[in-house]
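J.: Hey, dropping work.cif in here, mmCIF, N, CA and C atoms:
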data_input
loop_
_atom_site.label_atom_id
_atom_site.label_comp_id
_atom_site.auth_asym_id
_atom_site.auth_seq_id
_atom_site.Cartn_x
_atom_site.Cartn_y
_atom_site.Cartn_z
N MET T 24 104.60 2.55 -13.97
CA MET T 24 104.70 3.60 -12.97
C MET T 24 104.44 2.99 -11.59
N ASP T 25 105.32 3.29 -10.63
CA ASP T 25 105.09 2.71 -9.31
C ASP T 25 103.92 3.43 -8.63
N ASN T 26 103.41 2.80 -7.58
CA ASN T 26 102.22 3.32 -6.91
C ASN T 26 102.40 4.73 -6.36
N SER T 27 103.56 5.00 -5.76
CA SER T 27 103.73 6.33 -5.16
C SER T 27 103.74 7.41 -6.24
N LYS T 28 104.36 7.13 -7.39
CA LYS T 28 104.35 8.12 -8.48
C LYS T 28 102.94 8.33 -9.00
N GLU T 29 102.18 7.26 -9.12
CA GLU T 29 100.80 7.38 -9.58
C GLU T 29 99.98 8.20 -8.58
N MET T 30 100.17 7.93 -7.27
CA MET T 30 99.45 8.68 -6.25
C MET T 30 99.80 10.17 -6.31
N VAL T 31 101.09 10.47 -6.50
CA VAL T 31 101.53 11.87 -6.58
C VAL T 31 100.86 12.56 -7.77
N LYS T 32 100.86 11.88 -8.90
CA LYS T 32 100.26 12.45 -10.11
C LYS T 32 98.76 12.71 -9.92
N LEU T 33 98.06 11.74 -9.36
CA LEU T 33 96.62 11.90 -9.12
C LEU T 33 96.34 13.03 -8.13
N ALA T 34 97.12 13.08 -7.06
CA ALA T 34 96.92 14.13 -6.06
C ALA T 34 97.20 15.50 -6.66
N TYR T 35 98.26 15.59 -7.45
CA TYR T 35 98.59 16.86 -8.10
C TYR T 35 97.43 17.31 -8.98
N GLU T 36 96.93 16.39 -9.80
CA GLU T 36 95.81 16.73 -10.69
C GLU T 36 94.59 17.18 -9.89
N ALA T 37 94.31 16.48 -8.78
CA ALA T 37 93.15 16.83 -7.95
C ALA T 37 93.30 18.22 -7.35
N LEU T 38 94.49 18.56 -6.91
CA LEU T 38 94.74 19.90 -6.35
C LEU T 38 94.64 20.96 -7.44
N ASP T 39 95.18 20.65 -8.60
CA ASP T 39 95.17 21.58 -9.73
C ASP T 39 93.74 21.84 -10.21
N GLU T 40 92.92 20.80 -10.24
CA GLU T 40 91.52 20.93 -10.69
C GLU T 40 90.74 21.92 -9.83
N LYS T 41 91.07 21.97 -8.55
CA LYS T 41 90.36 22.87 -7.63
C LYS T 41 91.16 24.15 -7.36
N LYS T 42 92.09 24.45 -8.26
CA LYS T 42 92.85 25.71 -8.22
C LYS T 42 93.68 25.86 -6.94
N GLY T 43 94.27 24.74 -6.48
CA GLY T 43 95.19 24.82 -5.35
C GLY T 43 96.36 25.72 -5.72
N GLU T 44 96.82 26.51 -4.77
CA GLU T 44 97.89 27.47 -5.05
C GLU T 44 99.26 26.87 -4.78
N ASP T 45 100.22 27.20 -5.64
CA ASP T 45 101.64 26.88 -5.46
C ASP T 45 101.84 25.41 -5.06
N ILE T 46 101.39 24.51 -5.91
CA ILE T 46 101.51 23.08 -5.62
C ILE T 46 102.97 22.67 -5.77
N GLN T 47 103.53 22.12 -4.70
CA GLN T 47 104.93 21.69 -4.69
C GLN T 47 104.99 20.19 -4.43
N VAL T 48 105.84 19.50 -5.16
CA VAL T 48 106.09 18.08 -4.92
C VAL T 48 107.55 17.97 -4.51
N ILE T 49 107.80 17.37 -3.35
CA ILE T 49 109.16 17.19 -2.86
C ILE T 49 109.41 15.71 -2.65
N GLU T 50 110.43 15.20 -3.34
CA GLU T 50 110.81 13.80 -3.17
C GLU T 50 111.75 13.73 -1.97
N ILE T 51 111.34 12.96 -0.95
CA ILE T 51 112.13 12.90 0.29
C ILE T 51 112.63 11.49 0.61
N LYS T 52 112.43 10.55 -0.34
CA LYS T 52 112.76 9.16 -0.04
C LYS T 52 114.23 8.92 0.29
N ASP T 53 115.12 9.78 -0.22
CA ASP T 53 116.54 9.61 0.07
C ASP T 53 116.98 10.26 1.37
N ILE T 54 116.10 11.08 1.97
CA ILE T 54 116.50 11.78 3.19
C ILE T 54 115.62 11.47 4.40
N SER T 55 114.56 10.68 4.21
CA SER T 55 113.65 10.40 5.31
C SER T 55 112.94 9.06 5.11
N ILE T 56 112.60 8.42 6.22
CA ILE T 56 111.82 7.18 6.13
C ILE T 56 110.32 7.46 6.27
N ILE T 57 109.96 8.74 6.48
CA ILE T 57 108.55 9.11 6.67
C ILE T 57 107.71 8.75 5.45
N ALA T 58 108.22 9.08 4.27
CA ALA T 58 107.46 8.91 3.03
C ALA T 58 108.43 9.05 1.86
N ASP T 59 107.93 8.77 0.65
CA ASP T 59 108.72 9.01 -0.56
C ASP T 59 108.52 10.44 -1.07
N TYR T 60 107.28 10.93 -0.93
CA TYR T 60 106.94 12.26 -1.46
C TYR T 60 106.07 13.04 -0.49
N PHE T 61 106.32 14.34 -0.43
CA PHE T 61 105.41 15.30 0.19
C PHE T 61 104.82 16.12 -0.95
N ILE T 62 103.52 16.38 -0.86
CA ILE T 62 102.88 17.32 -1.78
C ILE T 62 102.34 18.43 -0.90
N ILE T 63 102.64 19.67 -1.25
CA ILE T 63 102.24 20.81 -0.44
C ILE T 63 101.46 21.78 -1.34
N ALA T 64 100.32 22.22 -0.83
CA ALA T 64 99.51 23.21 -1.57
C ALA T 64 98.73 24.02 -0.56
N ASN T 65 98.16 25.11 -1.03
CA ASN T 65 97.28 25.87 -0.14
C ASN T 65 96.07 26.39 -0.88
N GLY T 66 95.04 26.65 -0.10
CA GLY T 66 93.83 27.27 -0.60
C GLY T 66 93.78 28.71 -0.14
N THR T 67 92.87 29.49 -0.70
CA THR T 67 92.77 30.90 -0.34
C THR T 67 91.82 31.13 0.83
N ASN T 68 90.94 30.16 1.11
CA ASN T 68 90.01 30.27 2.24
C ASN T 68 89.60 28.87 2.69
N ALA T 69 88.87 28.79 3.80
CA ALA T 69 88.51 27.49 4.38
C ALA T 69 87.68 26.64 3.42
N SER T 70 86.79 27.25 2.66
CA SER T 70 85.96 26.50 1.72
C SER T 70 86.82 25.85 0.63
N GLN T 71 87.80 26.60 0.14
CA GLN T 71 88.66 26.04 -0.89
C GLN T 71 89.54 24.93 -0.32
N VAL T 72 90.03 25.12 0.90
CA VAL T 72 90.83 24.08 1.55
C VAL T 72 90.01 22.80 1.64
N ASP T 73 88.75 22.91 2.07
CA ASP T 73 87.86 21.74 2.14
C ASP T 73 87.69 21.09 0.76
N ALA T 74 87.50 21.92 -0.26
CA ALA T 74 87.31 21.41 -1.62
C ALA T 74 88.57 20.68 -2.10
N LEU T 75 89.74 21.19 -1.77
CA LEU T 75 91.00 20.54 -2.15
C LEU T 75 91.11 19.17 -1.47
N VAL T 76 90.82 19.13 -0.18
CA VAL T 76 90.87 17.86 0.57
C VAL T 76 89.89 16.86 -0.04
N ASP T 77 88.65 17.30 -0.27
CA ASP T 77 87.63 16.40 -0.84
C ASP T 77 88.05 15.86 -2.20
N ASN T 78 88.59 16.73 -3.05
CA ASN T 78 88.95 16.30 -4.40
C ASN T 78 90.11 15.31 -4.38
N VAL T 79 91.10 15.55 -3.51
CA VAL T 79 92.22 14.61 -3.41
C VAL T 79 91.73 13.24 -2.91
N THR T 80 90.94 13.23 -1.84
CA THR T 80 90.48 11.94 -1.30
C THR T 80 89.55 11.23 -2.28
N ASP T 81 88.70 11.99 -3.00
CA ASP T 81 87.81 11.38 -3.99
C ASP T 81 88.61 10.77 -5.14
N LYS T 82 89.52 11.55 -5.70
CA LYS T 82 90.26 11.10 -6.89
C LYS T 82 91.15 9.90 -6.55
N LEU T 83 91.84 9.97 -5.43
CA LEU T 83 92.69 8.84 -5.04
C LEU T 83 91.82 7.63 -4.68
N GLY T 84 90.70 7.88 -4.00
CA GLY T 84 89.78 6.79 -3.63
C GLY T 84 89.23 6.06 -4.85
N ARG T 85 88.88 6.82 -5.89
CA ARG T 85 88.36 6.20 -7.13
C ARG T 85 89.41 5.33 -7.81
N ASN T 86 90.68 5.59 -7.49
CA ASN T 86 91.77 4.81 -8.07
C ASN T 86 92.33 3.77 -7.10
N GLY T 87 91.58 3.52 -6.02
CA GLY T 87 91.94 2.44 -5.10
C GLY T 87 92.89 2.80 -3.97
N TYR T 88 93.12 4.09 -3.75
CA TYR T 88 94.02 4.52 -2.68
C TYR T 88 93.22 5.18 -1.57
N GLU T 89 93.33 4.64 -0.37
CA GLU T 89 92.65 5.21 0.79
C GLU T 89 93.69 5.76 1.75
N PRO T 90 93.42 6.91 2.36
CA PRO T 90 94.39 7.46 3.30
C PRO T 90 94.51 6.58 4.54
N LYS T 91 95.73 6.41 5.02
CA LYS T 91 95.96 5.66 6.25
C LYS T 91 95.54 6.51 7.44
N ARG T 92 95.66 7.83 7.27
CA ARG T 92 95.36 8.75 8.35
C ARG T 92 95.05 10.12 7.77
N ILE T 93 94.13 10.83 8.42
CA ILE T 93 93.84 12.22 8.05
C ILE T 93 93.91 13.03 9.34
N GLU T 94 94.71 14.09 9.34
CA GLU T 94 94.85 14.93 10.52
C GLU T 94 94.40 16.35 10.20
N GLY T 95 93.73 16.99 11.15
CA GLY T 95 93.49 18.42 11.05
C GLY T 95 92.25 18.87 10.31
N ILE T 96 91.32 17.99 10.00
CA ILE T 96 90.13 18.37 9.22
C ILE T 96 89.35 19.52 9.87
N ARG T 97 89.14 19.48 11.17
CA ARG T 97 88.29 20.49 11.81
C ARG T 97 88.83 21.91 11.68
N SER T 98 90.14 22.03 11.77
CA SER T 98 90.72 23.38 11.77
C SER T 98 90.73 24.01 10.39
N ALA T 99 90.82 23.20 9.35
CA ALA T 99 90.88 23.68 7.96
C ALA T 99 92.02 24.68 7.74
N SER T 100 93.07 24.61 8.57
CA SER T 100 94.21 25.48 8.32
C SER T 100 95.45 24.68 7.92
N TRP T 101 95.51 23.41 8.33
CA TRP T 101 96.56 22.50 7.88
C TRP T 101 95.98 21.10 7.94
N ILE T 102 95.71 20.52 6.79
CA ILE T 102 95.18 19.17 6.73
C ILE T 102 96.26 18.28 6.14
N LEU T 103 96.51 17.16 6.81
CA LEU T 103 97.51 16.20 6.37
C LEU T 103 96.79 14.93 5.94
N LEU T 104 97.01 14.51 4.70
CA LEU T 104 96.44 13.27 4.18
C LEU T 104 97.60 12.30 4.01
N ASP T 105 97.62 11.27 4.83
CA ASP T 105 98.74 10.33 4.85
C ASP T 105 98.37 9.07 4.05
N TYR T 106 99.01 8.91 2.90
CA TYR T 106 98.79 7.74 2.05
C TYR T 106 99.99 6.79 2.12
N GLY T 107 100.74 6.85 3.21
CA GLY T 107 101.91 5.99 3.34
C GLY T 107 103.12 6.59 2.66
N ASP T 108 103.36 6.17 1.42
CA ASP T 108 104.53 6.68 0.68
C ASP T 108 104.35 8.12 0.21
N VAL T 109 103.11 8.59 0.23
CA VAL T 109 102.81 9.96 -0.22
C VAL T 109 102.01 10.66 0.88
N VAL T 110 102.48 11.84 1.27
CA VAL T 110 101.77 12.63 2.28
C VAL T 110 101.41 13.97 1.64
N VAL T 111 100.12 14.29 1.67
CA VAL T 111 99.62 15.53 1.08
C VAL T 111 99.33 16.51 2.21
N HIS T 112 99.93 17.70 2.12
CA HIS T 112 99.71 18.77 3.10
C HIS T 112 98.93 19.87 2.40
N ILE T 113 97.74 20.19 2.94
CA ILE T 113 96.93 21.26 2.37
C ILE T 113 96.74 22.31 3.46
N PHE T 114 97.19 23.51 3.16
CA PHE T 114 97.21 24.59 4.14
C PHE T 114 96.27 25.73 3.77
N SER T 115 95.93 26.53 4.79
CA SER T 115 95.45 27.88 4.52
C SER T 115 96.69 28.67 4.10
N LYS T 116 96.49 29.77 3.44
CA LYS T 116 97.62 30.57 2.95
C LYS T 116 98.53 31.02 4.11
N GLU T 117 97.93 31.50 5.20
CA GLU T 117 98.69 32.01 6.34
C GLU T 117 99.51 30.90 6.99
N ASP T 118 98.88 29.75 7.23
CA ASP T 118 99.59 28.67 7.91
C ASP T 118 100.70 28.08 7.04
N ARG T 119 100.50 28.10 5.75
CA ARG T 119 101.57 27.60 4.89
C ARG T 119 102.82 28.47 5.04
N LEU T 120 102.64 29.77 5.05
CA LEU T 120 103.76 30.68 5.23
C LEU T 120 104.39 30.47 6.61
N PHE T 121 103.56 30.28 7.62
CA PHE T 121 104.05 30.13 8.99
C PHE T 121 104.87 28.86 9.16
N TYR T 122 104.35 27.72 8.69
CA TYR T 122 105.04 26.44 8.89
C TYR T 122 106.19 26.21 7.91
N ASN T 123 106.09 26.77 6.72
CA ASN T 123 107.16 26.75 5.72
C ASN T 123 107.83 25.38 5.57
N LEU T 124 107.03 24.37 5.25
CA LEU T 124 107.58 23.01 5.09
C LEU T 124 108.63 22.92 3.99
N GLU T 125 108.49 23.75 2.97
CA GLU T 125 109.49 23.72 1.89
C GLU T 125 110.89 24.02 2.43
N ARG T 126 110.97 24.94 3.38
CA ARG T 126 112.28 25.27 3.97
C ARG T 126 112.78 24.10 4.83
N ILE T 127 111.89 23.53 5.62
CA ILE T 127 112.28 22.42 6.49
C ILE T 127 112.77 21.23 5.68
N TRP T 128 112.13 20.99 4.53
CA TRP T 128 112.47 19.83 3.69
C TRP T 128 113.29 20.22 2.46
N ARG T 129 114.05 21.30 2.56
CA ARG T 129 114.80 21.80 1.40
C ARG T 129 115.86 20.82 0.90
N ASP T 130 116.25 19.85 1.72
CA ASP T 130 117.21 18.84 1.26
C ASP T 130 116.56 17.82 0.33
N GLY T 131 115.24 17.83 0.27
CA GLY T 131 114.54 16.95 -0.65
C GLY T 131 114.67 17.47 -2.08
N LYS T 132 114.25 16.64 -3.02
CA LYS T 132 114.34 17.00 -4.44
C LYS T 132 112.99 17.50 -4.92
N THR T 133 112.95 18.73 -5.41
CA THR T 133 111.71 19.29 -5.94
C THR T 133 111.41 18.64 -7.29
N VAL T 134 110.18 18.19 -7.46
CA VAL T 134 109.76 17.55 -8.71
C VAL T 134 108.83 18.52 -9.44
N SER T 135 109.17 18.88 -10.66
CA SER T 135 108.35 19.83 -11.41
C SER T 135 107.09 19.14 -11.98
N LYS T 136 106.12 19.96 -12.32
CA LYS T 136 104.89 19.44 -12.94
C LYS T 136 105.26 18.68 -14.24
N GLU T 137 106.21 19.23 -14.99
CA GLU T 137 106.62 18.61 -16.26
C GLU T 137 107.25 17.24 -16.01
N GLN T 138 108.10 17.15 -15.00
CA GLN T 138 108.72 15.86 -14.67
C GLN T 138 107.64 14.86 -14.25
N LEU T 139 106.71 15.34 -13.46
CA LEU T 139 105.65 14.48 -12.92
C LEU T 139 104.76 13.95 -14.04
N MET T 140 104.31 14.83 -14.91
CA MET T 140 103.37 14.44 -15.96
C MET T 140 104.06 13.74 -17.12
N GLY T 141 105.36 13.94 -17.26
CA GLY T 141 106.08 13.34 -18.37
C GLY T 141 106.51 11.90 -18.13
N GLU T 142 106.47 11.48 -16.86
CA GLU T 142 106.97 10.13 -16.53
C GLU T 142 105.90 9.08 -16.68
#
Go ahead and render the structure in this file as structure tokens.

T.:
Amino acid sequence: MDNSKEMVKLAYEALDEKKGEDIQVIEIKDISIIADYFIIANGTNASQVDALVDNVTDKLGRNGYEPKRIEGIRSASWILLDYGDVVVHIFSKEDRLFYNLERIWRDGKTVSKEQLMGE
């Protein structure tokens, strides 16, 4: 398994463990040079958003992956964890609806949980 797929799988599991809502994985490597994958999820309140961020950084960190950049921690409404080939977006529920990244990146390929865990 290549590193980006492993990172996606670990991040997905970390978000799922903390009950992240509507976790979406979008493969964008064929349409953008930004990253190979975007992972998008939201929490129901600021505390849950913080817990999602902490769990992703902890789980990836324990497996040797450190974020190159983290944006938006103070606001707790949209946190971006940049791992290079994988970018994790964790939103508050309201901001996720407002920014609608899934619509912006609709040309990307949606990866199902089954595809992710089966590979």

J.: Calculated over only C-alpha atoms, which of the candidates T:Ile127, T:Ile93, T:Ala37, T:Ile63 has the smallest distance to Ile113 in chain T?

T.: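 Answer, going by the shortest atom-to-atom distance: T:Ile63.
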
J.: DSSP on the backbone, then: every residue of range 56-138 of chain T marked strand (DSSP E), written as a ChimeraX atom specification.

T.: /T:60-66,92-94,101-105,109-115,132-134

J.: Using the chain letters and residue numbers of this document, give as number ranges by chain the residues selected by the PyMOL selection byres ((chain T and resi 65) around 6.5).

T.: T: 43-46, 63-64, 66-67, 72, 112-116

J.: In Å, with one decimal, what is the gap from CA of Val31 in chain T to CA of Val109 in chain T?

T.: 6.8 Å

J.: Report as a PyMOL selection string the residues that result from applying the PyMOL selection byres (((chain T and resi 79-92 and name CA) around 9) and name CA) to the structure here.

T.: chain T and resi 30+33-38+74-78+93-94+103-107+111

J.: What is the CA of Glu125 in chain T to CA of Tyr60 in chain T distance in Å?

T.: 12.2 Å

J.: Determine which residues of chain T DSSP labels as alpha helix (DSSP H) from the backbone of this structure, then write them out as a ChimeraX atom specification.

T.: /T:26-40,69-85,116-122,124-127,136-141

J.: Run through the PyMOL selection byres ((chain T and resi 128-134) around 6.5) on the given coordinates and return the selected residues as a PyMOL selection string.

T.: chain T and resi 47-51+123-127+135-139

J.: Looking at T:Lys32, T:Gly95, T:Asp25, T:Ser100, which one is nearest to Glu117 in chain T, with distances taken over all atoms listed in the file?

T.: T:Ser100

J.: Provide the CA of Ile96 in chain T to CA of Asp39 in chain T distance in Å, to one decimal place.

T.: 19.9 Å

J.: Just checking: using only C-alpha atoms, which residue out of T:Gly141, T:Glu40, T:Tyr122, T:Val110 ends up closest to Asp59 in chain T?

T.: T:Val110

J.: Please reconstruct the missing atoms of range 64-80 of chain T (target: N, CA, C and O atoms) and return them as a PDB file, in the frame of the given file.

T.:
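Once written, rebuild14.pdb looks like this:
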ATOM      1  N   ALA T  64     100.320  22.220  -0.830  1.00  0.00           N
ATOM      2  CA  ALA T  64      99.510  23.210  -1.570  1.00  0.00           C
ATOM      3  C   ALA T  64      98.730  24.020  -0.560  1.00  0.00           C
ATOM      4  O   ALA T  64      98.638  23.653   0.607  1.00  0.00           O
ATOM      5  N   ASN T  65      98.160  25.110  -1.030  1.00  0.00           N
ATOM      6  CA  ASN T  65      97.280  25.870  -0.140  1.00  0.00           C
ATOM      7  C   ASN T  65      96.070  26.390  -0.880  1.00  0.00           C
ATOM      8  O   ASN T  65      96.070  26.494  -2.104  1.00  0.00           O
ATOM      9  N   GLY T  66      95.040  26.650  -0.100  1.00  0.00           N
ATOM     10  CA  GLY T  66      93.830  27.270  -0.600  1.00  0.00           C
ATOM     11  C   GLY T  66      93.780  28.710  -0.140  1.00  0.00           C
ATOM     12  O   GLY T  66      94.567  29.117   0.720  1.00  0.00           O
ATOM     13  N   THR T  67      92.870  29.490  -0.700  1.00  0.00           N
ATOM     14  CA  THR T  67      92.770  30.900  -0.340  1.00  0.00           C
ATOM     15  C   THR T  67      91.820  31.130   0.830  1.00  0.00           C
ATOM     16  O   THR T  67      91.871  32.174   1.475  1.00  0.00           O
ATOM     17  N   ASN T  68      90.940  30.160   1.110  1.00  0.00           N
ATOM     18  CA  ASN T  68      90.010  30.270   2.240  1.00  0.00           C
ATOM     19  C   ASN T  68      89.600  28.870   2.690  1.00  0.00           C
ATOM     20  O   ASN T  68      89.945  27.875   2.037  1.00  0.00           O
ATOM     21  N   ALA T  69      88.870  28.790   3.800  1.00  0.00           N
ATOM     22  CA  ALA T  69      88.510  27.490   4.380  1.00  0.00           C
ATOM     23  C   ALA T  69      87.680  26.640   3.420  1.00  0.00           C
ATOM     24  O   ALA T  69      87.873  25.414   3.350  1.00  0.00           O
ATOM     25  N   SER T  70      86.790  27.250   2.660  1.00  0.00           N
ATOM     26  CA  SER T  70      85.960  26.500   1.720  1.00  0.00           C
ATOM     27  C   SER T  70      86.820  25.850   0.630  1.00  0.00           C
ATOM     28  O   SER T  70      86.598  24.699   0.253  1.00  0.00           O
ATOM     29  N   GLN T  71      87.800  26.600   0.140  1.00  0.00           N
ATOM     30  CA  GLN T  71      88.660  26.040  -0.890  1.00  0.00           C
ATOM     31  C   GLN T  71      89.540  24.930  -0.320  1.00  0.00           C
ATOM     32  O   GLN T  71      89.765  23.916  -0.968  1.00  0.00           O
ATOM     33  N   VAL T  72      90.030  25.120   0.900  1.00  0.00           N
ATOM     34  CA  VAL T  72      90.830  24.080   1.550  1.00  0.00           C
ATOM     35  C   VAL T  72      90.010  22.800   1.640  1.00  0.00           C
ATOM     36  O   VAL T  72      90.485  21.710   1.293  1.00  0.00           O
ATOM     37  N   ASP T  73      88.750  22.910   2.070  1.00  0.00           N
ATOM     38  CA  ASP T  73      87.860  21.740   2.140  1.00  0.00           C
ATOM     39  C   ASP T  73      87.690  21.090   0.760  1.00  0.00           C
ATOM     40  O   ASP T  73      87.704  19.871   0.635  1.00  0.00           O
ATOM     41  N   ALA T  74      87.500  21.920  -0.260  1.00  0.00           N
ATOM     42  CA  ALA T  74      87.310  21.410  -1.620  1.00  0.00           C
ATOM     43  C   ALA T  74      88.570  20.680  -2.100  1.00  0.00           C
ATOM     44  O   ALA T  74      88.476  19.633  -2.761  1.00  0.00           O
ATOM     45  N   LEU T  75      89.740  21.190  -1.770  1.00  0.00           N
ATOM     46  CA  LEU T  75      91.000  20.540  -2.150  1.00  0.00           C
ATOM     47  C   LEU T  75      91.110  19.170  -1.470  1.00  0.00           C
ATOM     48  O   LEU T  75      91.428  18.170  -2.125  1.00  0.00           O
ATOM     49  N   VAL T  76      90.820  19.130  -0.180  1.00  0.00           N
ATOM     50  CA  VAL T  76      90.870  17.860   0.570  1.00  0.00           C
ATOM     51  C   VAL T  76      89.890  16.860  -0.040  1.00  0.00           C
ATOM     52  O   VAL T  76      90.254  15.704  -0.308  1.00  0.00           O
ATOM     53  N   ASP T  77      88.650  17.300  -0.270  1.00  0.00           N
ATOM     54  CA  ASP T  77      87.630  16.400  -0.840  1.00  0.00           C
ATOM     55  C   ASP T  77      88.050  15.860  -2.200  1.00  0.00           C
ATOM     56  O   ASP T  77      87.873  14.680  -2.495  1.00  0.00           O
ATOM     57  N   ASN T  78      88.590  16.730  -3.050  1.00  0.00           N
ATOM     58  CA  ASN T  78      88.950  16.300  -4.400  1.00  0.00           C
ATOM     59  C   ASN T  78      90.110  15.310  -4.380  1.00  0.00           C
ATOM     60  O   ASN T  78      90.111  14.334  -5.137  1.00  0.00           O
ATOM     61  N   VAL T  79      91.100  15.550  -3.510  1.00  0.00           N
ATOM     62  CA  VAL T  79      92.220  14.610  -3.410  1.00  0.00           C
ATOM     63  C   VAL T  79      91.730  13.240  -2.910  1.00  0.00           C
ATOM     64  O   VAL T  79      92.034  12.210  -3.510  1.00  0.00           O
ATOM     65  N   THR T  80      90.940  13.230  -1.840  1.00  0.00           N
ATOM     66  CA  THR T  80      90.480  11.940  -1.300  1.00  0.00           C
ATOM     67  C   THR T  80      89.550  11.230  -2.280  1.00  0.00           C
ATOM     68  O   THR T  80      89.630  10.010  -2.423  1.00  0.00           O
TER      69      THR T  80
END
